[in-house]
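For reference, coords-v3.cif (mmCIF, C-alpha atoms):
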data_upload
loop_
_atom_site.group_PDB
_atom_site.id
_atom_site.type_symbol
_atom_site.label_atom_id
_atom_site.label_comp_id
_atom_site.auth_asym_id
_atom_site.auth_seq_id
_atom_site.Cartn_x
_atom_site.Cartn_y
_atom_site.Cartn_z
ATOM 1 C CA MET A 1 -11.831 153.893 9.723
ATOM 2 C CA ARG A 2 -14.811 154.240 7.337
ATOM 3 C CA ALA A 3 -12.496 154.003 4.275
ATOM 4 C CA THR A 4 -10.918 150.786 5.624
ATOM 5 C CA VAL A 5 -14.319 149.172 6.244
ATOM 6 C CA LEU A 6 -15.471 150.209 2.774
ATOM 7 C CA HIS A 7 -12.277 148.774 1.220
ATOM 8 C CA VAL A 8 -12.669 145.418 3.031
ATOM 9 C CA ALA A 9 -16.355 145.236 2.032
ATOM 10 C CA THR A 10 -15.435 146.001 -1.567
ATOM 11 C CA LEU A 11 -12.831 143.212 -1.613
ATOM 12 C CA ALA A 12 -15.363 140.732 -0.233
ATOM 13 C CA LEU A 13 -17.907 141.673 -2.905
ATOM 14 C CA LEU A 14 -15.389 141.447 -5.747
ATOM 15 C CA GLY A 15 -14.474 137.840 -4.890
ATOM 16 C CA THR A 16 -12.554 136.278 -7.817
ATOM 17 C CA HIS A 17 -11.719 139.690 -9.275
ATOM 18 C CA CYS A 18 -9.185 140.162 -6.484
ATOM 19 C CA ALA A 19 -6.734 137.644 -7.875
ATOM 20 C CA PRO A 20 -3.153 138.796 -8.569
ATOM 21 C CA ALA A 21 -2.736 140.822 -11.760
ATOM 22 C CA ALA A 22 -1.074 137.908 -13.613
ATOM 23 C CA ASN A 23 -4.177 135.698 -13.222
ATOM 24 C CA ARG A 24 -6.754 138.397 -14.094
ATOM 25 C CA ASP A 25 -8.629 138.355 -17.401
ATOM 26 C CA PRO A 26 -7.754 141.651 -19.184
ATOM 27 C CA VAL A 27 -11.305 141.906 -20.606
ATOM 28 C CA ASP A 28 -12.922 141.905 -17.141
ATOM 29 C CA PRO A 29 -11.314 144.824 -15.255
ATOM 30 C CA VAL A 30 -11.647 145.215 -11.492
ATOM 31 C CA PRO A 31 -14.021 148.061 -10.579
ATOM 32 C CA THR A 32 -12.569 150.785 -8.394
ATOM 33 C CA VAL A 33 -14.392 152.173 -5.383
ATOM 34 C CA SER A 34 -13.101 155.177 -3.510
ATOM 35 C CA ALA A 35 -14.533 156.915 -0.469
ATOM 36 C CA PRO A 36 -13.464 160.166 1.129
ATOM 37 C CA PRO A 37 -11.760 159.769 4.493
ATOM 38 C CA ALA A 38 -14.034 160.295 7.476
ATOM 39 C CA SER A 39 -13.384 163.390 9.522
ATOM 40 C CA ALA A 40 -14.539 164.375 12.980
ATOM 41 C CA SER A 41 -17.065 166.826 11.530
ATOM 42 C CA THR A 42 -18.516 164.151 9.215
ATOM 43 C CA GLN A 43 -18.857 161.695 12.095
ATOM 44 C CA ALA A 44 -20.542 164.349 14.257
ATOM 45 C CA ALA A 45 -22.961 165.166 11.448
ATOM 46 C CA ASP A 46 -23.745 161.454 10.984
ATOM 47 C CA SER A 47 -24.634 161.017 14.662
ATOM 48 C CA ALA A 48 -26.776 164.168 15.004
ATOM 49 C CA ALA A 49 -30.016 164.069 13.040
ATOM 50 C CA GLU A 50 -30.946 167.541 11.853
ATOM 51 C CA PRO A 51 -34.624 168.492 11.701
ATOM 52 C CA SER A 52 -35.929 169.181 8.211
ATOM 53 C CA ALA A 53 -36.365 172.847 7.317
ATOM 54 C CA PRO A 54 -39.922 174.116 6.802
ATOM 55 C CA PRO A 55 -40.989 174.704 3.190
ATOM 56 C CA PRO A 56 -40.429 178.228 1.850
ATOM 57 C CA PRO A 57 -43.381 180.599 2.255
ATOM 58 C CA ILE A 58 -45.572 181.377 -0.738
ATOM 59 C CA THR A 59 -44.382 184.699 -2.040
ATOM 60 C CA PRO A 60 -45.137 187.085 -4.875
ATOM 61 C CA ALA A 61 -41.724 186.292 -6.312
ATOM 62 C CA GLY A 62 -43.259 183.417 -8.244
ATOM 63 C CA ILE A 63 -41.725 180.755 -5.992
ATOM 64 C CA GLY A 64 -44.098 177.991 -5.142
ATOM 65 C CA PRO A 65 -47.718 177.617 -6.206
ATOM 66 C CA GLY A 66 -49.926 180.456 -7.342
ATOM 67 C CA PRO A 67 -50.069 182.573 -10.463
ATOM 68 C CA GLY A 68 -46.799 183.242 -12.218
ATOM 69 C CA LEU A 69 -45.392 186.698 -12.601
ATOM 70 C CA GLY A 70 -46.493 188.537 -15.695
ATOM 71 C CA ARG A 71 -49.477 190.173 -17.338
ATOM 72 C CA TYR A 72 -53.037 188.845 -17.336
ATOM 73 C CA SER A 73 -55.887 190.243 -19.443
ATOM 74 C CA SER A 74 -59.668 190.144 -19.027
ATOM 75 C CA ALA A 75 -61.882 191.265 -21.915
ATOM 76 C CA SER A 76 -64.994 193.337 -21.206
ATOM 77 C CA CYS A 77 -67.048 191.492 -18.641
ATOM 78 C CA GLY A 78 -70.357 192.218 -16.910
ATOM 79 C CA ALA A 79 -70.708 195.930 -16.099
ATOM 80 C CA ARG A 80 -67.078 196.495 -17.163
ATOM 81 C CA ASN A 81 -67.236 197.091 -20.919
ATOM 82 C CA TYR A 82 -63.484 197.448 -21.497
ATOM 83 C CA GLU A 83 -60.318 195.366 -21.196
ATOM 84 C CA ARG A 84 -58.523 195.184 -17.846
ATOM 85 C CA VAL A 85 -54.849 194.168 -17.667
ATOM 86 C CA ILE A 86 -53.199 193.178 -14.378
ATOM 87 C CA GLU A 87 -49.427 192.783 -14.110
ATOM 88 C CA LEU A 88 -48.038 190.826 -11.151
ATOM 89 C CA SER A 89 -44.385 191.729 -10.551
ATOM 90 C CA ALA A 90 -41.614 190.465 -8.305
ATOM 91 C CA GLY A 91 -41.431 192.064 -4.913
ATOM 92 C CA GLY A 92 -45.211 191.914 -4.533
ATOM 93 C CA ARG A 93 -45.969 194.872 -6.823
ATOM 94 C CA VAL A 94 -49.048 195.028 -9.043
ATOM 95 C CA GLN A 95 -50.110 197.366 -11.832
ATOM 96 C CA LEU A 96 -53.663 197.492 -13.116
ATOM 97 C CA VAL A 97 -54.544 199.105 -16.464
ATOM 98 C CA ASP A 98 -58.193 199.749 -17.327
ATOM 99 C CA LYS A 99 -58.523 200.539 -21.029
ATOM 100 C CA VAL A 100 -61.760 202.493 -20.522
ATOM 101 C CA ALA A 101 -61.749 204.449 -23.786
ATOM 102 C CA PRO A 102 -58.270 204.404 -25.344
ATOM 103 C CA CYS A 103 -57.539 207.303 -27.679
ATOM 104 C CA PRO A 104 -57.335 205.958 -31.259
ATOM 105 C CA PRO A 105 -53.914 206.182 -32.960
ATOM 106 C CA GLY A 106 -53.403 209.547 -34.677
ATOM 107 C CA ALA A 107 -56.376 211.198 -32.923
ATOM 108 C CA ALA A 108 -56.130 214.209 -30.604
ATOM 109 C CA CYS A 109 -57.744 213.333 -27.276
ATOM 110 C CA VAL A 110 -58.213 215.389 -24.108
ATOM 111 C CA TRP A 111 -57.794 212.220 -21.996
ATOM 112 C CA SER A 112 -55.835 209.062 -22.835
ATOM 113 C CA GLY A 113 -58.822 206.879 -21.902
ATOM 114 C CA ILE A 114 -56.616 204.625 -19.756
ATOM 115 C CA VAL A 115 -56.810 204.418 -15.959
ATOM 116 C CA MET A 116 -53.688 203.044 -14.240
ATOM 117 C CA ARG A 117 -53.336 201.952 -10.639
ATOM 118 C CA GLN A 118 -50.275 200.759 -8.693
ATOM 119 C CA GLY A 119 -50.205 198.688 -5.531
ATOM 120 C CA SER A 120 -49.159 195.414 -3.981
ATOM 121 C CA TRP A 121 -50.276 191.784 -4.067
ATOM 122 C CA SER A 122 -49.847 188.663 -1.941
ATOM 123 C CA LEU A 123 -51.226 185.123 -1.767
ATOM 124 C CA GLU A 124 -53.504 183.595 0.818
ATOM 125 C CA GLY A 125 -55.027 180.122 1.194
ATOM 126 C CA GLY A 126 -54.917 177.403 -1.425
ATOM 127 C CA ALA A 127 -53.935 174.716 1.080
ATOM 128 C CA GLU A 128 -57.223 172.806 0.725
ATOM 129 C CA LEU A 129 -57.386 170.529 -2.290
ATOM 130 C CA GLY A 130 -59.616 172.060 -4.955
ATOM 131 C CA LYS A 131 -59.813 175.456 -3.241
ATOM 132 C CA PRO A 132 -58.332 178.549 -4.903
ATOM 133 C CA PHE A 133 -55.580 180.834 -3.716
ATOM 134 C CA ARG A 134 -56.727 184.375 -3.030
ATOM 135 C CA VAL A 135 -54.523 186.932 -4.788
ATOM 136 C CA LEU A 136 -54.948 189.841 -2.380
ATOM 137 C CA LEU A 137 -54.775 193.257 -4.065
ATOM 138 C CA SER A 138 -54.094 196.571 -2.364
ATOM 139 C CA PHE A 139 -53.907 199.708 -4.508
ATOM 140 C CA ASP A 140 -52.318 203.042 -3.638
ATOM 141 C CA GLY A 141 -54.856 205.875 -3.461
ATOM 142 C CA ALA A 142 -58.592 205.892 -4.090
ATOM 143 C CA ASN A 143 -60.477 204.273 -6.974
ATOM 144 C CA ASP A 144 -60.665 206.456 -10.076
ATOM 145 C CA PRO A 145 -64.343 207.269 -10.806
ATOM 146 C CA LYS A 146 -63.696 206.908 -14.576
ATOM 147 C CA ALA A 147 -63.214 203.140 -14.171
ATOM 148 C CA ARG A 148 -65.146 200.324 -12.518
ATOM 149 C CA PRO A 149 -64.055 199.468 -8.946
ATOM 150 C CA VAL A 150 -61.321 196.886 -8.558
ATOM 151 C CA PRO A 151 -62.020 193.814 -6.391
ATOM 152 C CA ASP A 152 -59.878 193.464 -3.277
ATOM 153 C CA HIS A 153 -58.754 190.027 -4.476
ATOM 154 C CA LEU A 154 -58.701 187.658 -7.422
ATOM 155 C CA LEU A 155 -58.870 183.860 -7.369
ATOM 156 C CA TRP A 156 -56.077 181.617 -8.649
ATOM 157 C CA TRP A 157 -57.287 178.072 -9.377
ATOM 158 C CA GLU A 158 -54.061 176.049 -9.340
ATOM 159 C CA SER A 159 -55.776 172.898 -10.678
ATOM 160 C CA ARG A 160 -57.088 174.805 -13.710
ATOM 161 C CA GLY A 161 -54.285 177.340 -14.060
ATOM 162 C CA GLU A 162 -56.879 180.129 -14.154
ATOM 163 C CA LEU A 163 -57.105 183.613 -12.665
ATOM 164 C CA SER A 164 -60.579 185.093 -12.152
ATOM 165 C CA GLU A 165 -62.480 187.782 -10.289
ATOM 166 C CA PRO A 166 -64.067 186.650 -6.988
ATOM 167 C CA ASP A 167 -67.419 185.591 -8.472
ATOM 168 C CA GLU A 168 -65.600 183.776 -11.345
ATOM 169 C CA SER A 169 -67.626 185.718 -13.923
ATOM 170 C CA CYS A 170 -64.571 187.508 -15.323
ATOM 171 C CA GLY A 171 -61.611 185.316 -16.263
ATOM 172 C CA TYR A 172 -58.070 186.477 -17.053
ATOM 173 C CA ARG A 173 -55.707 184.914 -19.558
ATOM 174 C CA LYS A 174 -51.918 185.104 -19.342
ATOM 175 C CA LEU A 175 -50.368 187.402 -21.945
ATOM 176 C CA PRO A 176 -47.109 186.474 -23.678
#

With the file now loaded, output its structure as structure tokens.
Amino acid sequence: MRATVLHVATLALLGTHCAPAANRDPVDPVPTVSAPPASASTQAADSAAEPSAPPPPITPAGIGPGPGLGRYSSASCGARNYERVIELSAGGRVQLVDKVAPCPPGAACVWSGIVMRQGSWSLEGGAELGKPFRVLLSFDGANDPKARPVPDHLLWWESRGELSEPDESCGYRKLP
């Protein structure tokens, strides 16, 4: 039925182009319109309006707003006089590397000078215009006394594309 109605409407729109082939100008071809035949399932779908699906949740997989996956670095900052590198991975995993006193190349050191922590991360907030997302951090085990404590969250400013510690004194830049 739908194909027939479409065909009749097409003929009405084409007007003079529907003349017999002998009278048609070969430079001005007749456009062709085709429509798939209507089926019972198509008609049922047309009559029932489906509600729109909710947007996907914000996840650590890098889908949606928030910081992208990858490594972020903050130079020495405030009481922390060494570089800190945070890597946000898929599946909500995070690795933090504090380069407290790295052993120089070729030197023999008792300790590597690097404190590593593993844990998880997730996003919270960011729905208010101009407000940051909170990148919630949870690390396995206790803080290592050789390194400065790690904040329980970082801030992701979507409008600026910046990651920072909660008081915004220590910024992080994305590493290649």

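For the pair atom CA of Gly70 of chain A and atom CA of Ser89 of chain A, the interatomic distance is 6.4 Å.
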
>> If the PyMOL selection byres ((chain A and resi 145) around 12) were run on this exact file, what residues would it hold? Put them as a PyMOL selection string.
In response: chain A and resi 98+100+115-116+142-144+146-150

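Going from atom CA of Gly126 of chain A to atom CA of Pro67 of chain A covers 11.5 Å.
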
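Applied to this file, the PyMOL selection byres ((chain A and resi 176) around 8) selects Arg71, Lys174 and Leu175 of chain A.
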
Could you write out the selected residues, including C-alpha atoms, as a PDB file, in the coordinates of the input?
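Output saved as again-v5.pdb:
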ATOM      1  CA  ARG A  71     -49.477 190.173 -17.338  1.00  0.00           C
ATOM      2  CA  LYS A 174     -51.918 185.104 -19.342  1.00  0.00           C
ATOM      3  CA  LEU A 175     -50.368 187.402 -21.945  1.00  0.00           C
TER       4      LEU A 175
END

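Take atom CA of His153 of chain A and atom CA of Pro166 of chain A: the distance between them is 6.8 Å.
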
Padding 6 Å on every side, please: axis-aligned box over the listed atoms of segment 79-91 of chain A, centre and edge lengths to one decimal in Å, as JSON.
{"center_x": -56.1, "center_y": 194.0, "center_z": -13.2, "size_x": 41.3, "size_y": 19.0, "size_z": 28.6}

List the residues selected by the PyMOL selection byres ((chain A and resi 92) around 6) in the file shown, writing them as a PDB file with C-alpha atoms, keeping the file's coordinate frame.
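Once everything was written out, this is expr-v3.pdb:
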ATOM      1  CA  PRO A  60     -45.137 187.085  -4.875  1.00  0.00           C
ATOM      2  CA  ALA A  90     -41.614 190.465  -8.305  1.00  0.00           C
ATOM      3  CA  GLY A  91     -41.431 192.064  -4.913  1.00  0.00           C
ATOM      4  CA  ARG A  93     -45.969 194.872  -6.823  1.00  0.00           C
ATOM      5  CA  SER A 120     -49.159 195.414  -3.981  1.00  0.00           C
ATOM      6  CA  TRP A 121     -50.276 191.784  -4.067  1.00  0.00           C
TER       7      TRP A 121
END

>> What's around Pro104 of chain A at 12 Å? Count only C-alpha atoms, leave out sequence neighbours fewer than 6 positions away in its own chain, and write the answer as a list of chain:residue names.
In response: A:Val110, A:Trp111, A:Ser112, A:Gly113, A:Ile114
